[in-house]
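> The following file, start.pdb, comprises PDB, C-alpha atoms:
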ATOM      1  CA  MET A  22      27.698 -16.609  51.067  1.00  0.00           C
ATOM      2  CA  SER A  23      27.936 -20.043  52.631  1.00  0.00           C
ATOM      3  CA  GLU A  24      28.763 -21.569  49.251  1.00  0.00           C
ATOM      4  CA  ASN A  25      31.629 -19.102  48.704  1.00  0.00           C
ATOM      5  CA  LYS A  26      33.052 -19.875  52.135  1.00  0.00           C
ATOM      6  CA  THR A  27      33.002 -23.618  51.385  1.00  0.00           C
ATOM      7  CA  VAL A  28      34.946 -23.091  48.170  1.00  0.00           C
ATOM      8  CA  GLU A  29      37.538 -20.997  49.996  1.00  0.00           C
ATOM      9  CA  VAL A  30      38.028 -23.685  52.627  1.00  0.00           C
ATOM     10  CA  MET A  31      38.413 -26.414  49.996  1.00  0.00           C
ATOM     11  CA  GLU A  32      40.934 -24.318  48.088  1.00  0.00           C
ATOM     12  CA  ALA A  33      42.944 -23.836  51.279  1.00  0.00           C
ATOM     13  CA  ILE A  34      42.893 -27.577  51.985  1.00  0.00           C
ATOM     14  CA  TYR A  35      44.065 -28.434  48.467  1.00  0.00           C
ATOM     15  CA  ASP A  36      46.757 -25.740  48.517  1.00  0.00           C
ATOM     16  CA  LYS A  37      48.148 -26.958  51.847  1.00  0.00           C
ATOM     17  CA  ASN A  38      48.099 -30.563  50.674  1.00  0.00           C
ATOM     18  CA  GLU A  39      49.914 -29.684  47.441  1.00  0.00           C
ATOM     19  CA  GLU A  40      52.550 -27.687  49.307  1.00  0.00           C
ATOM     20  CA  VAL A  41      53.338 -30.545  51.704  1.00  0.00           C
ATOM     21  CA  ALA A  42      53.216 -33.075  48.845  1.00  0.00           C
ATOM     22  CA  LYS A  43      55.917 -31.171  46.915  1.00  0.00           C
ATOM     23  CA  LEU A  44      58.178 -30.951  49.970  1.00  0.00           C
ATOM     24  CA  THR A  45      57.644 -34.630  50.791  1.00  0.00           C
ATOM     25  CA  ASN A  46      58.353 -35.664  47.214  1.00  0.00           C
ATOM     26  CA  ALA A  47      61.596 -33.667  47.218  1.00  0.00           C
ATOM     27  CA  ASP A  48      62.626 -35.314  50.488  1.00  0.00           C
ATOM     28  CA  PHE A  49      61.956 -38.793  49.058  1.00  0.00           C
ATOM     29  CA  THR A  50      63.926 -37.957  45.917  1.00  0.00           C
ATOM     30  CA  ASN A  51      66.911 -36.668  47.904  1.00  0.00           C
ATOM     31  CA  LYS A  52      66.995 -39.956  49.797  1.00  0.00           C
ATOM     32  CA  GLY A  53      66.833 -42.073  46.640  1.00  0.00           C
ATOM     33  CA  ILE A  54      63.320 -43.234  47.500  1.00  0.00           C
ATOM     34  CA  LEU A  55      60.774 -43.966  44.784  1.00  0.00           C
ATOM     35  CA  ALA A  56      57.312 -43.326  46.284  1.00  0.00           C
ATOM     36  CA  ILE A  57      54.373 -45.207  44.749  1.00  0.00           C
ATOM     37  CA  ASN A  58      50.774 -44.289  45.579  1.00  0.00           C
ATOM     38  CA  VAL A  59      48.842 -47.577  45.343  1.00  0.00           C
ATOM     39  CA  ILE A  60      45.145 -46.997  44.723  1.00  0.00           C
ATOM     40  CA  GLY A  61      42.167 -49.241  44.048  1.00  0.00           C
ATOM     41  CA  ALA A  62      38.755 -50.251  45.312  1.00  0.00           C
ATOM     42  CA  PRO A  63      38.283 -52.468  48.390  1.00  0.00           C
ATOM     43  CA  GLY A  64      38.921 -56.126  47.656  1.00  0.00           C
ATOM     44  CA  VAL A  65      40.892 -55.774  44.426  1.00  0.00           C
ATOM     45  CA  GLY A  66      43.956 -57.318  46.077  1.00  0.00           C
ATOM     46  CA  LYS A  67      46.179 -54.304  46.691  1.00  0.00           C
ATOM     47  CA  THR A  68      48.096 -55.914  49.547  1.00  0.00           C
ATOM     48  CA  SER A  69      48.327 -59.265  47.752  1.00  0.00           C
ATOM     49  CA  VAL A  70      49.802 -57.561  44.697  1.00  0.00           C
ATOM     50  CA  LEU A  71      52.250 -55.653  46.914  1.00  0.00           C
ATOM     51  CA  CYS A  72      53.400 -58.890  48.541  1.00  0.00           C
ATOM     52  CA  GLN A  73      54.055 -60.440  45.132  1.00  0.00           C
ATOM     53  CA  ILE A  74      55.960 -57.345  43.985  1.00  0.00           C
ATOM     54  CA  ILE A  75      58.028 -57.053  47.145  1.00  0.00           C
ATOM     55  CA  LYS A  76      59.298 -60.608  47.053  1.00  0.00           C
ATOM     56  CA  ARG A  77      60.588 -59.983  43.509  1.00  0.00           C
ATOM     57  CA  LEU A  78      62.437 -56.715  44.183  1.00  0.00           C
ATOM     58  CA  GLY A  79      65.767 -58.393  44.826  1.00  0.00           C
ATOM     59  CA  PRO A  80      68.260 -56.027  46.474  1.00  0.00           C
ATOM     60  CA  VAL A  81      65.900 -53.015  46.351  1.00  0.00           C
ATOM     61  CA  LYS A  82      64.633 -52.312  49.877  1.00  0.00           C
ATOM     62  CA  PRO A  83      60.849 -51.956  50.231  1.00  0.00           C
ATOM     63  CA  TYR A  84      58.975 -49.819  52.737  1.00  0.00           C
ATOM     64  CA  VAL A  85      55.191 -49.717  53.101  1.00  0.00           C
ATOM     65  CA  ILE A  86      52.755 -47.215  54.555  1.00  0.00           C
ATOM     66  CA  GLU A  87      49.376 -48.915  54.958  1.00  0.00           C
ATOM     67  CA  GLY A  88      46.256 -46.756  54.906  1.00  0.00           C
ATOM     68  CA  ASP A  89      42.980 -48.025  56.329  1.00  0.00           C
ATOM     69  CA  ILE A  90      39.939 -46.514  57.955  1.00  0.00           C
ATOM     70  CA  GLU A  91      40.345 -49.002  60.824  1.00  0.00           C
ATOM     71  CA  ALA A  92      42.406 -52.124  61.708  1.00  0.00           C
ATOM     72  CA  ASP A  93      45.989 -53.104  60.893  1.00  0.00           C
ATOM     73  CA  TYR A  94      45.754 -56.623  59.450  1.00  0.00           C
ATOM     74  CA  ASP A  95      47.730 -55.810  56.295  1.00  0.00           C
ATOM     75  CA  THR A  96      50.508 -54.070  58.193  1.00  0.00           C
ATOM     76  CA  LYS A  97      50.919 -57.076  60.484  1.00  0.00           C
ATOM     77  CA  LEU A  98      50.995 -59.374  57.451  1.00  0.00           C
ATOM     78  CA  LEU A  99      53.753 -57.337  55.822  1.00  0.00           C
ATOM     79  CA  GLN A 100      55.739 -57.075  59.046  1.00  0.00           C
ATOM     80  CA  ALA A 101      55.540 -60.858  59.437  1.00  0.00           C
ATOM     81  CA  LEU A 102      57.193 -61.092  56.023  1.00  0.00           C
ATOM     82  CA  GLY A 103      60.052 -58.901  57.241  1.00  0.00           C
ATOM     83  CA  VAL A 104      58.883 -55.717  55.539  1.00  0.00           C
ATOM     84  CA  GLU A 105      59.195 -52.381  57.312  1.00  0.00           C
ATOM     85  CA  ALA A 106      55.582 -51.211  57.430  1.00  0.00           C
ATOM     86  CA  VAL A 107      53.737 -48.408  59.236  1.00  0.00           C
ATOM     87  CA  GLN A 108      49.971 -48.153  59.746  1.00  0.00           C
ATOM     88  CA  ILE A 109      47.786 -45.080  59.230  1.00  0.00           C
ATOM     89  CA  ASN A 110      44.164 -45.299  60.387  1.00  0.00           C
ATOM     90  CA  THR A 111      42.071 -42.363  59.206  1.00  0.00           C
ATOM     91  CA  GLY A 112      39.077 -43.128  61.437  1.00  0.00           C
ATOM     92  CA  GLY A 113      36.665 -42.432  58.608  1.00  0.00           C
ATOM     93  CA  ALA A 114      38.458 -40.270  56.032  1.00  0.00           C
ATOM     94  CA  CYS A 115      38.261 -41.828  52.565  1.00  0.00           C
ATOM     95  CA  HIS A 116      41.824 -41.032  51.464  1.00  0.00           C
ATOM     96  CA  LEU A 117      45.337 -40.344  52.718  1.00  0.00           C
ATOM     97  CA  ASP A 118      46.767 -36.837  52.477  1.00  0.00           C
ATOM     98  CA  SER A 119      50.303 -35.517  52.265  1.00  0.00           C
ATOM     99  CA  PRO A 120      50.636 -34.344  55.905  1.00  0.00           C
ATOM    100  CA  LEU A 121      49.738 -37.885  57.061  1.00  0.00           C
ATOM    101  CA  ILE A 122      52.363 -39.355  54.734  1.00  0.00           C
ATOM    102  CA  ALA A 123      55.044 -36.853  55.778  1.00  0.00           C
ATOM    103  CA  GLU A 124      54.459 -37.771  59.423  1.00  0.00           C
ATOM    104  CA  ALA A 125      54.340 -41.543  58.841  1.00  0.00           C
ATOM    105  CA  ALA A 126      57.534 -41.459  56.767  1.00  0.00           C
ATOM    106  CA  GLN A 127      59.407 -40.231  59.835  1.00  0.00           C
ATOM    107  CA  GLU A 128      58.941 -43.705  61.324  1.00  0.00           C
ATOM    108  CA  PHE A 129      61.428 -45.092  58.797  1.00  0.00           C
ATOM    109  CA  THR A 130      65.112 -44.493  58.173  1.00  0.00           C
ATOM    110  CA  LEU A 131      64.533 -44.095  54.459  1.00  0.00           C
ATOM    111  CA  GLN A 132      67.448 -44.661  52.136  1.00  0.00           C
ATOM    112  CA  GLU A 133      67.708 -45.999  48.569  1.00  0.00           C
ATOM    113  CA  GLY A 134      64.535 -48.009  48.144  1.00  0.00           C
ATOM    114  CA  ILE A 135      60.873 -48.019  47.145  1.00  0.00           C
ATOM    115  CA  LEU A 136      58.120 -46.733  49.414  1.00  0.00           C
ATOM    116  CA  PHE A 137      54.711 -48.198  48.622  1.00  0.00           C
ATOM    117  CA  ILE A 138      51.812 -46.174  50.039  1.00  0.00           C
ATOM    118  CA  GLU A 139      48.664 -48.294  50.038  1.00  0.00           C
ATOM    119  CA  ASN A 140      45.843 -45.794  49.989  1.00  0.00           C
ATOM    120  CA  ILE A 141      42.327 -46.256  51.366  1.00  0.00           C
ATOM    121  CA  GLY A 142      40.174 -48.627  49.310  1.00  0.00           C
ATOM    122  CA  ASN A 143      38.362 -46.118  47.108  1.00  0.00           C
ATOM    123  CA  LEU A 144      38.391 -45.161  43.415  1.00  0.00           C
ATOM    124  CA  VAL A 145      37.390 -41.522  43.946  1.00  0.00           C
ATOM    125  CA  CYS A 146      39.205 -39.412  46.566  1.00  0.00           C
ATOM    126  CA  PRO A 147      42.656 -41.097  46.465  1.00  0.00           C
ATOM    127  CA  ALA A 148      42.955 -40.117  42.800  1.00  0.00           C
ATOM    128  CA  GLU A 149      42.410 -36.435  43.620  1.00  0.00           C
ATOM    129  CA  PHE A 150      45.117 -35.863  46.244  1.00  0.00           C
ATOM    130  CA  MET A 151      48.869 -35.873  45.655  1.00  0.00           C
ATOM    131  CA  ILE A 152      50.628 -37.312  48.708  1.00  0.00           C
ATOM    132  CA  GLY A 153      54.279 -36.932  47.764  1.00  0.00           C
ATOM    133  CA  GLU A 154      54.420 -39.817  45.305  1.00  0.00           C
ATOM    134  CA  HIS A 155      56.412 -40.103  42.119  1.00  0.00           C
ATOM    135  CA  ALA A 156      53.787 -42.310  40.456  1.00  0.00           C
ATOM    136  CA  LYS A 157      50.328 -43.782  40.932  1.00  0.00           C
ATOM    137  CA  LEU A 158      49.837 -47.541  40.631  1.00  0.00           C
ATOM    138  CA  LEU A 159      46.157 -48.368  40.043  1.00  0.00           C
ATOM    139  CA  ILE A 160      45.021 -51.909  40.818  1.00  0.00           C
ATOM    140  CA  THR A 161      41.737 -53.202  39.464  1.00  0.00           C
ATOM    141  CA  ASN A 162      40.514 -56.751  38.932  1.00  0.00           C
ATOM    142  CA  VAL A 163      38.313 -58.758  36.615  1.00  0.00           C
ATOM    143  CA  THR A 164      35.587 -59.344  39.218  1.00  0.00           C
ATOM    144  CA  GLU A 165      34.882 -55.592  39.376  1.00  0.00           C
ATOM    145  CA  GLY A 166      33.606 -55.604  35.819  1.00  0.00           C
ATOM    146  CA  SER A 167      34.902 -53.920  32.692  1.00  0.00           C
ATOM    147  CA  ASP A 168      33.047 -50.628  33.162  1.00  0.00           C
ATOM    148  CA  LYS A 169      35.289 -49.096  35.831  1.00  0.00           C
ATOM    149  CA  PRO A 170      37.199 -46.693  33.518  1.00  0.00           C
ATOM    150  CA  TYR A 171      33.857 -45.239  32.465  1.00  0.00           C
ATOM    151  CA  LYS A 172      32.492 -44.900  36.012  1.00  0.00           C
ATOM    152  CA  TYR A 173      35.689 -43.704  37.731  1.00  0.00           C
ATOM    153  CA  PRO A 174      37.599 -41.859  34.994  1.00  0.00           C
ATOM    154  CA  LEU A 175      39.933 -39.769  37.161  1.00  0.00           C
ATOM    155  CA  ALA A 176      41.612 -42.802  38.740  1.00  0.00           C
ATOM    156  CA  PHE A 177      42.427 -44.232  35.311  1.00  0.00           C
ATOM    157  CA  GLU A 178      43.400 -40.865  33.862  1.00  0.00           C
ATOM    158  CA  LYS A 179      45.889 -40.209  36.676  1.00  0.00           C
ATOM    159  CA  ALA A 180      47.403 -43.718  36.794  1.00  0.00           C
ATOM    160  CA  ASP A 181      50.999 -44.243  35.704  1.00  0.00           C
ATOM    161  CA  LEU A 182      50.636 -48.037  35.756  1.00  0.00           C
ATOM    162  CA  ILE A 183      47.412 -50.064  35.686  1.00  0.00           C
ATOM    163  CA  VAL A 184      47.345 -53.617  37.011  1.00  0.00           C
ATOM    164  CA  ILE A 185      44.463 -55.988  36.279  1.00  0.00           C
ATOM    165  CA  ASN A 186      44.482 -58.556  39.082  1.00  0.00           C
ATOM    166  CA  LYS A 187      42.768 -61.965  39.435  1.00  0.00           C
ATOM    167  CA  VAL A 188      43.036 -62.875  35.752  1.00  0.00           C
ATOM    168  CA  ASP A 189      42.909 -66.525  36.827  1.00  0.00           C
ATOM    169  CA  LEU A 190      39.151 -65.915  37.237  1.00  0.00           C
ATOM    170  CA  LEU A 191      38.578 -64.717  33.660  1.00  0.00           C
ATOM    171  CA  SER A 192      36.795 -67.905  32.631  1.00  0.00           C
ATOM    172  CA  TYR A 193      34.331 -67.487  35.513  1.00  0.00           C
ATOM    173  CA  VAL A 194      33.353 -63.829  35.206  1.00  0.00           C
ATOM    174  CA  ASP A 195      31.922 -61.527  32.553  1.00  0.00           C
ATOM    175  CA  PHE A 196      34.887 -59.234  31.865  1.00  0.00           C
ATOM    176  CA  ASP A 197      35.037 -57.570  28.449  1.00  0.00           C
ATOM    177  CA  GLU A 198      38.726 -56.739  28.047  1.00  0.00           C
ATOM    178  CA  GLU A 199      38.252 -54.921  24.733  1.00  0.00           C
ATOM    179  CA  PHE A 200      35.589 -52.654  26.266  1.00  0.00           C
ATOM    180  CA  PHE A 201      37.761 -52.095  29.348  1.00  0.00           C
ATOM    181  CA  MET A 202      40.833 -51.156  27.293  1.00  0.00           C
ATOM    182  CA  ALA A 203      38.833 -48.804  25.065  1.00  0.00           C
ATOM    183  CA  GLY A 204      37.756 -46.939  28.195  1.00  0.00           C
ATOM    184  CA  VAL A 205      41.301 -46.870  29.560  1.00  0.00           C
ATOM    185  CA  ARG A 206      42.867 -45.578  26.348  1.00  0.00           C
ATOM    186  CA  ALA A 207      40.223 -42.886  25.917  1.00  0.00           C
ATOM    187  CA  LEU A 208      41.490 -41.484  29.231  1.00  0.00           C
ATOM    188  CA  ASN A 209      45.129 -42.524  29.347  1.00  0.00           C
ATOM    189  CA  LYS A 210      47.206 -43.209  26.242  1.00  0.00           C
ATOM    190  CA  MET A 211      50.496 -43.936  27.988  1.00  0.00           C
ATOM    191  CA  ALA A 212      50.097 -46.025  31.143  1.00  0.00           C
ATOM    192  CA  PRO A 213      51.142 -49.665  30.731  1.00  0.00           C
ATOM    193  CA  VAL A 214      48.377 -52.164  31.536  1.00  0.00           C
ATOM    194  CA  VAL A 215      49.589 -55.407  33.094  1.00  0.00           C
ATOM    195  CA  LYS A 216      47.534 -58.532  33.802  1.00  0.00           C
ATOM    196  CA  VAL A 217      48.497 -60.542  36.888  1.00  0.00           C
ATOM    197  CA  SER A 218      47.343 -63.389  39.083  1.00  0.00           C
ATOM    198  CA  CYS A 219      48.413 -63.459  42.721  1.00  0.00           C
ATOM    199  CA  LYS A 220      46.980 -66.975  43.052  1.00  0.00           C
ATOM    200  CA  ASN A 221      49.156 -68.301  40.229  1.00  0.00           C
ATOM    201  CA  GLU A 222      51.947 -65.774  40.864  1.00  0.00           C
ATOM    202  CA  GLU A 223      52.044 -64.785  37.205  1.00  0.00           C
ATOM    203  CA  GLY A 224      52.527 -61.563  35.260  1.00  0.00           C
ATOM    204  CA  PHE A 225      54.695 -59.567  37.667  1.00  0.00           C
ATOM    205  CA  GLU A 226      57.877 -59.335  35.592  1.00  0.00           C
ATOM    206  CA  GLU A 227      56.725 -56.244  33.673  1.00  0.00           C
ATOM    207  CA  ILE A 228      55.792 -54.482  36.913  1.00  0.00           C
ATOM    208  CA  ILE A 229      59.232 -55.154  38.386  1.00  0.00           C
ATOM    209  CA  LYS A 230      60.955 -53.823  35.276  1.00  0.00           C
ATOM    210  CA  TRP A 231      58.773 -50.694  35.359  1.00  0.00           C
ATOM    211  CA  LEU A 232      59.589 -50.119  39.042  1.00  0.00           C
ATOM    212  CA  GLU A 233      63.325 -50.645  38.455  1.00  0.00           C
ATOM    213  CA  ASN A 234      63.321 -48.059  35.671  1.00  0.00           C
ATOM    214  CA  LYS A 235      61.377 -45.578  37.793  1.00  0.00           C
ATOM    215  CA  HIS A 236      63.686 -46.126  40.765  1.00  0.00           C
ATOM    216  CA  ALA A 237      66.770 -45.630  38.614  1.00  0.00           C
ATOM    217  CA  SER A 238      65.415 -42.295  37.357  1.00  0.00           C
ATOM    218  CA  VAL A 239      64.846 -41.095  40.930  1.00  0.00           C
ATOM    219  CA  LYS A 240      68.384 -42.016  41.999  1.00  0.00           C
ATOM    220  CA  LYS A 241      70.012 -39.992  39.190  1.00  0.00           C
TER     221      LYS A 241
END
If you convert what's in this file into structure tokens, what do you get?

Amino acid sequence: MSENKTVEVMEAIYDKNEEVAKLTNADFTNKGILAINVIGAPGVGKTSVLCQIIKRLGPVKPYVIEGDIEADYDTKLLQALGVEAVQINTGGACHLDSPLIAEAAQEFTLQEGILFIENIGNLVCPAEFMIGEHAKLLITNVTEGSDKPYKYPLAFEKADLIVINKVDLLSYVDFDEEFFMAGVRALNKMAPVVKVSCKNEEGFEEIIKWLENKHASVKK
């Protein structure tokens, strides 16, 4: 009996999350906002990649919702750069959910731009929950190793764009790109895979073009 009750509760949680996610996504679309769910493990450089992207967006206005278990260092960094950013601290929860995003989005006057939602550092739960986004941007890096698609398949399967960060370290680490890409393509045939270096500020042009195309489709 207890097992059946647990399943019922989980189904209710997922159903409620999906319902709010659909409404939030529609609201973003109506306002001309492209919402990007940024996922990745701790330390892959999610905020660093966002900073590099944001400074290349040109006239497109960026907004950021920062998700962390505790602290607000990344939000303060983004705000110091002139970016409108709001912090969510989950206090222990391993992912953001759609009700949290719907509430945080009210802090902005959203209009014609791109909202980046930096999820909690985790390759499991953030891949499972829709939070109102139009696309998932998965950030990995060469120091994590080339086995991540095999160990965390859902994150790679659900990704709409995959970014390999810290490629400036390739000569110092054991990263088998062929093995990595075989794992990615077994799960996801379509998502572009882009290699970047925040240190050298290289490789971001393809990401910007992808974001511009996605944003244009939302504004139609």
> Using Å and a single decimal, report how far CA of Lys230 (chain A) sits from CA of Ile122 (chain A).
25.7 Å
> Residues at most 10 Å from Tyr173 (chain A), counting all atoms listed in the file, excluding those fewer than 5 positions away in the same chain, as a PyMOL selection string?
chain A and resi 144-145+148+168+178
> Using the chain letters and numbering of this document, enumerate as a list in words the residues selected by the PyMOL selection byres ((chain A and resi 196) around 10).
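When the PyMOL selection byres ((chain A and resi 196) around 10) is applied to the shown file, the picked residues are Asn162, Val163, Thr164, Glu165, Gly166, Ser167, Asp168, Val188, Leu190, Leu191, Ser192, Tyr193, Val194, Asp195, Asp197, Glu198, Glu199, Phe200 and Phe201 of chain A.
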> Those residues with C-alpha atoms, as a PDB file, in the coordinates of the input please?

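Full text of again-v3.pdb as output:
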ATOM      1  CA  ASN A 162      40.514 -56.751  38.932  1.00  0.00           C
ATOM      2  CA  VAL A 163      38.313 -58.758  36.615  1.00  0.00           C
ATOM      3  CA  THR A 164      35.587 -59.344  39.218  1.00  0.00           C
ATOM      4  CA  GLU A 165      34.882 -55.592  39.376  1.00  0.00           C
ATOM      5  CA  GLY A 166      33.606 -55.604  35.819  1.00  0.00           C
ATOM      6  CA  SER A 167      34.902 -53.920  32.692  1.00  0.00           C
ATOM      7  CA  ASP A 168      33.047 -50.628  33.162  1.00  0.00           C
ATOM      8  CA  VAL A 188      43.036 -62.875  35.752  1.00  0.00           C
ATOM      9  CA  LEU A 190      39.151 -65.915  37.237  1.00  0.00           C
ATOM     10  CA  LEU A 191      38.578 -64.717  33.660  1.00  0.00           C
ATOM     11  CA  SER A 192      36.795 -67.905  32.631  1.00  0.00           C
ATOM     12  CA  TYR A 193      34.331 -67.487  35.513  1.00  0.00           C
ATOM     13  CA  VAL A 194      33.353 -63.829  35.206  1.00  0.00           C
ATOM     14  CA  ASP A 195      31.922 -61.527  32.553  1.00  0.00           C
ATOM     15  CA  ASP A 197      35.037 -57.570  28.449  1.00  0.00           C
ATOM     16  CA  GLU A 198      38.726 -56.739  28.047  1.00  0.00           C
ATOM     17  CA  GLU A 199      38.252 -54.921  24.733  1.00  0.00           C
ATOM     18  CA  PHE A 200      35.589 -52.654  26.266  1.00  0.00           C
ATOM     19  CA  PHE A 201      37.761 -52.095  29.348  1.00  0.00           C
TER      20      PHE A 201
END
> Would you pick out the contacts of Met151 (chain A) at 10 Å or less, using only C-alpha atoms, so that residues sharing its chain but fewer than 3 positions from it are not included, and give the list as a list in words?
Tyr35, Asn38, Glu39, Glu40, Val41, Ala42, Lys43, Asn46, Asn58, Leu117, Asp118, Ser119, Pro147, Ala148, Glu154, His155, Ala156 and Lys157 of chain A
> Selected residues, C-alpha atoms, written as a PDB file, in the frame of the given file, please.

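Heads up, here's the output in result_20.pdb:
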ATOM      1  CA  TYR A  35      44.065 -28.434  48.467  1.00  0.00           C
ATOM      2  CA  ASN A  38      48.099 -30.563  50.674  1.00  0.00           C
ATOM      3  CA  GLU A  39      49.914 -29.684  47.441  1.00  0.00           C
ATOM      4  CA  GLU A  40      52.550 -27.687  49.307  1.00  0.00           C
ATOM      5  CA  VAL A  41      53.338 -30.545  51.704  1.00  0.00           C
ATOM      6  CA  ALA A  42      53.216 -33.075  48.845  1.00  0.00           C
ATOM      7  CA  LYS A  43      55.917 -31.171  46.915  1.00  0.00           C
ATOM      8  CA  ASN A  46      58.353 -35.664  47.214  1.00  0.00           C
ATOM      9  CA  ASN A  58      50.774 -44.289  45.579  1.00  0.00           C
ATOM     10  CA  LEU A 117      45.337 -40.344  52.718  1.00  0.00           C
ATOM     11  CA  ASP A 118      46.767 -36.837  52.477  1.00  0.00           C
ATOM     12  CA  SER A 119      50.303 -35.517  52.265  1.00  0.00           C
ATOM     13  CA  PRO A 147      42.656 -41.097  46.465  1.00  0.00           C
ATOM     14  CA  ALA A 148      42.955 -40.117  42.800  1.00  0.00           C
ATOM     15  CA  GLU A 154      54.420 -39.817  45.305  1.00  0.00           C
ATOM     16  CA  HIS A 155      56.412 -40.103  42.119  1.00  0.00           C
ATOM     17  CA  ALA A 156      53.787 -42.310  40.456  1.00  0.00           C
ATOM     18  CA  LYS A 157      50.328 -43.782  40.932  1.00  0.00           C
TER      19      LYS A 157
END
> Sort by chain and increasing residue number a table of all residues of region 95-139 of chain A within 8 Å of region 59-72 of chain A, each with its closest pair of atoms and their distance in Å to one decimal, counting all atoms listed in the file, and write it as a Markdown table.

| residue | atom | partner | partner_atom | distance |
| --- | --- | --- | --- | --- |
| A:Asp95 | CA | A:Thr68 | CA | 6.8 |
| A:Leu99 | CA | A:Cys72 | CA | 7.5 |
| A:Phe137 | CA | A:Val59 | CA | 6.8 |
| A:Ile138 | CA | A:Val59 | CA | 5.7 |
| A:Glu139 | CA | A:Val59 | CA | 4.8 |
> Could you put an axis-aligned box around every listed atom of region 190-206 of chain A, padded by 8 Å on each side, and send me its centre and edge lengths in Å to one decimal, as AutoDock Vina command-line options?

--center_x 37.4 --center_y -56.7 --center_z 31.0 --size_x 26.9 --size_y 38.3 --size_z 28.5
> For the structure shown, which residues end up in the PyMOL selection byres ((chain A and resi 231) around 12)? Put them as a list in words, please?
Leu55, Ile57, Ile74, Leu78, Ala156, Leu158, Asp181, Leu182, Ile183, Val184, Ala212, Pro213, Val214, Val215, Phe225, Glu226, Glu227, Ile228, Ile229, Lys230, Leu232, Glu233, Asn234, Lys235, His236, Ala237 and Ser238 of chain A
> Find the spatial neighbours of Ala125 (chain A), counting only C-alpha atoms, within a cut-off of 10 Å - ignore same-chain residues fewer than 2 positions away - and output them as a list in words.
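The contact residues come out as Ile86, Glu87, Ala106, Val107, Gln108, Ile109, Ser119, Pro120, Leu121, Ile122, Ala123, Gln127, Glu128 and Phe129 of chain A.
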> Please identify all polymer residues within 8 Å of Asn209 (chain A), counting all atoms listed in the file, omitting same-chain residues fewer than 2 positions from it, and present them as a PyMOL selection string.
chain A and resi 177-180+205-207+211-212
> Take the PyMOL selection byres ((chain A and resi 84) around 8), run it mentally on this structure, and tell me the resulting residues as a short mmCIF file (atom, residue, chain, number, x, y, z; two decimals) with C-alpha atoms, keeping the file's coordinate frame.

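Done, and the output landed in result.cif:
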data_model
loop_
_atom_site.label_atom_id
_atom_site.label_comp_id
_atom_site.auth_asym_id
_atom_site.auth_seq_id
_atom_site.Cartn_x
_atom_site.Cartn_y
_atom_site.Cartn_z
CA LYS A 82 64.63 -52.31 49.88
CA PRO A 83 60.85 -51.96 50.23
CA VAL A 85 55.19 -49.72 53.10
CA ILE A 86 52.76 -47.22 54.56
CA VAL A 104 58.88 -55.72 55.54
CA GLU A 105 59.20 -52.38 57.31
CA ALA A 106 55.58 -51.21 57.43
CA GLY A 134 64.54 -48.01 48.14
CA ILE A 135 60.87 -48.02 47.14
CA LEU A 136 58.12 -46.73 49.41
CA PHE A 137 54.71 -48.20 48.62
#
